[in-house]
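Heads up, the thing below is written out as structure tokens.
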Amino acid sequence: MKHRVLVVEDEILIALFISEVLETAGFDVVGPWPTVSQALAQLAIPDCCDVAVLDASLRNESAVAVAKALVALGIPFVVATGYNKSQLPPELAAAPILAKPVNTEELIACVRRALSTG
Amino acid sequence: MVETDSEPAASGRLTRWIEQLPLTQNNPALGLAATFGIFATAWLVRAAVNDALPPGFPYVTFFPAVIVTSFLCGVRFGALSALLCGIVAWYYYVTPLNSFALDGAKVALVFYVFVVATDLALVHGMQTANKQLARERQVTRDLAEAKERMVQELKHRIAERKEAADALLESEMKMHLATQTAGIGLWQWHVETGDVRWDRTMFELYGISPTADGSVPYNDYIASVHPEDAVRQDMVLQDTVRRCGESSREFRILRGDDGSVRHLLAEEVARAGADGKTEWVVGTNLDITEQKHRENHVQMLMAEVNHRAKNLLGVVLSVAHQTRGTDHAEFMQHFAARIQSLAAGQDVLVENEWKGVQVDTLVRAQLNHFRDLLGNRIALGGDDVCLSPPAVQTIGMALHELATNASKYGALSNDHGRITITWRRVPGADTDRFVMTWIESDGPPVVPPQHKGFGSTVTGKLVRMSVDGDVDTEFAPSGFSWRLDCPLESIMDKEDG
């Protein structure tokens, strides 16, 4: 069975790019969703995904709420961001960081690692 | 000398001369010589007048000699003179003449001794009194002189003090003027009494009405410091007092008048008292709120620029990844055109200082390649709408893709096709909406594409997801049309209201 990856990213071009890369690599993409509320609505559906790729800021809103929901559900996730780790709130800095601009191989490796450890 | 100046000159001289008697008191040799001189003179005169005198005046010249000698040379030489005169008078002029016989001379000798002893006693008493008087007069003169010197010294000192005070006052005024102009508040704190004094600028900085003497209780000062900073400021100040050193602080205050938060920079230095412990602390306050805001703004801009640059690189990478081409040259052509479109969007944003861009401005920027056609084959117009930076990028890219398709397959691929671009605000029940249309006409026969490329992703999915809107694309026989309908708030610049 294909693993399902929730993509939360407000820059749609990047979201579409990440989605395409993940689909090509054999994942099912859930989303992508560009806002905190849409991501939380998705997470309210039981067993919606196995892993998540989360942008640190979503339309000027911090993704901390989404990160907390993911932690509560026990869903592993990686944070894709252009910010430095030191600039991130602790809830996000605790997760594996995928530096933007996103490298396709790194993205796939990062998601696979998150799945195996989570 | 006040006293002598008021006396007649001759009388003054006589007084001074008498005061110096006896004249030879410091010169015994001269005294001795004068004694013998006067004695000899008296003897000679006595001898010369001997025949003219009736008998019975043996001492007539010797009494004056003894008085004058003791007067001029002191009582000791007077006594010597009395002895010499007595012996000579006894031998030559007291009967029996030319002998030291006592018989018949006793009365004359006793008389002589009595008279000269009285004379000497009187002269001695007078001279002692005279010396005492002279000493007292000297003391008076010294006192007068000392008083005069003191008066002069005082005058001099007062003049100096006044000069110093004037200079101090002037420098204080200059400093006050300078600090006031620079907005620097000055304060001093007497540690033991807790008495804090402010200058006028301090009261202005803190938004408190000035007190008559500028005094502010230390606790009142700490109370106007921002609650989050107060403990720390008190600690630093107390430490400065303990070290008797200097300190520099940055802290926030809540202004007394409007309660607004201001950032202050403070420098202070402790001054030790006689016991070496801090007696005073003097310091300055400067309002650096504007500077602080500028710093924060620059930091925010730097962080934002960094974030946007990385985001843009991500977008470029996505575009590169999703741009198709049958060969490298075609890929590069499509890719470069899309990057140029992104750059055009950046340009208009920068020109508007990232504060939002008018739709009209964006459309003209994205259709720059076809600027010759604007106003004739391309008609555009709409409401006054200011787009947010993300909307500028999304709608800008969509416009680029629409124009590219039009020039390849649509209304701009022949020489008479037309495009009408419109946008407007539409009042809605809950929220106002933004509707934008791209309608082509008079182009070549419309053929719907067989497969959807990146261009249709941009004009479709990208726009739909980015601005939470509906997109309708229609390949009608009369011409291609594109219509965006989205909430106004999802594309409008927030600062635009």
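By order of appearance in the structure tokens: chains A, B, ..., then residues from 1 within every chain, and ligands from 1 in the order shown.
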
TODO: Restrict the distance test to only C-alpha atoms, flag each residue of chain A within 12 Å of chain B, and return the flagged residues as a PyMOL selection string.
DONE: chain A and resi 9-21+31-35+38+55-60+80-84+87+99-104

Task: Within 6 Å of stretch 469-473 of chain B using only C-alpha atoms, minus same-chain residues under 4 positions, as a PyMOL selection string - done: chain B and resi 464+481-486

Any chance you could export the current selection's C-alpha atoms as a JSON list (two decimals), in the first residue's frame?
[["chain", "number", "residue", "atom", "x", "y", "z"],
["B", 464, "ARG", "CA", -7.58, 28.54, -7.52],
["B", 481, "SER", "CA", -12.00, 33.10, -22.24],
["B", 482, "TRP", "CA", -10.73, 32.91, -18.65],
["B", 483, "ARG", "CA", -12.59, 34.10, -15.58],
["B", 484, "LEU", "CA", -11.43, 34.34, -11.98],
["B", 485, "ASP", "CA", -13.89, 34.85, -9.15],
["B", 486, "CYS", "CA", -12.45, 34.99, -5.64]]

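Minimum distance to A:Val71 across A:Gln42, A:Leu98, A:Arg112, A:Leu92 (counting only C-alpha atoms) occurs at A:Leu92.
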
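Every protein, DNA or RNA residue with an atom at most 9 Å from A:Ala67, where only C-alpha atoms count and chain neighbours fewer than 4 positions away do not, is listed here: Leu54, Ala63, Val71, Ala72, Phe77, Glu91, Leu92 and Ala95 of chain A.
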
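Picture a line from atom CA of B:Asp257 to atom CA of B:Ala212; it runs 18.2 Å.
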
Open item on the list: Using DSSP assignments from the backbone, pull out every residue in chain A that falls under strand (DSSP E) and give it to me as a ChimeraX atom specification.
Closed with: /A:4-8,28-33,51-55,57-58,61-62,77-81,97-99

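Ranking A:Ile97, A:Ala25, A:Leu107, A:Val30 by their shortest atom-to-atom distance to A:Leu43, with only C-alpha atoms included, puts A:Val30 first.
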
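Residues in contact with B:Thr289 at up to 10 Å, not including ones fewer than 2 positions away on its chain and judged by only C-alpha atoms, are Arg252, Val261, Arg262, His263, Leu264, Leu265, Leu286, Asp287, Gln291, Lys292, His293, Arg294 and Glu295 of chain B.
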
Open item on the list: as number ranges by chain, please: the residues near A:Pro89 (cut-off 9 Å, only C-alpha atoms, same-chain neighbours under 4 positions excluded).
Closed with: A: 62, 64, 85, 93-94

Open item on the list: I'd like to know which residues of stretch 263-365 of chain B are alpha helix (DSSP H) (by DSSP, run on the backbone); could you write them as a ChimeraX atom specification?
Closed with: /B:289-322,328-351,359-365

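Shortest separation to B:Gly194 among B:Leu109, B:Leu21, B:Val216, B:Leu380 occurs at residue B:Val216, atoms counted being only C-alpha atoms.
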
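Residue neighbourhood of B:Val116, excluding near-sequence residues (fewer than 5 positions): Phe62, Phe63, Pro64, Val66, Ile67, Gly78, Ala79, Ser81, Ala82, Leu83, Gly86, Phe111, Ala121 and Leu122 of chain B, at 10 Å, using only C-alpha atoms.
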
Restricted to C-alpha atoms, what would the selected residues look like written as a PDB file, in the first residue's frame?
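result08.pdb was written with the following content:
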ATOM      1  CA  PHE B  62      75.527 116.840  86.223  1.00  0.00           C
ATOM      2  CA  PHE B  63      71.813 116.404  86.980  1.00  0.00           C
ATOM      3  CA  PRO B  64      70.862 117.248  83.350  1.00  0.00           C
ATOM      4  CA  VAL B  66      72.321 111.991  84.102  1.00  0.00           C
ATOM      5  CA  ILE B  67      68.717 112.673  82.947  1.00  0.00           C
ATOM      6  CA  GLY B  78      72.132 106.692  83.247  1.00  0.00           C
ATOM      7  CA  ALA B  79      73.345 104.895  86.415  1.00  0.00           C
ATOM      8  CA  SER B  81      76.664 108.512  84.237  1.00  0.00           C
ATOM      9  CA  ALA B  82      75.307 109.200  87.765  1.00  0.00           C
ATOM     10  CA  LEU B  83      78.282 107.305  89.279  1.00  0.00           C
ATOM     11  CA  GLY B  86      78.824 111.902  91.418  1.00  0.00           C
ATOM     12  CA  PHE B 111      70.936 114.775  98.256  1.00  0.00           C
ATOM     13  CA  ALA B 121      63.404 105.688  88.486  1.00  0.00           C
ATOM     14  CA  LEU B 122      61.141 108.183  86.744  1.00  0.00           C
TER      15      LEU B 122
END

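The space separating atom CA of B:Ala476 from atom CA of B:His369 comes to 25.7 Å.
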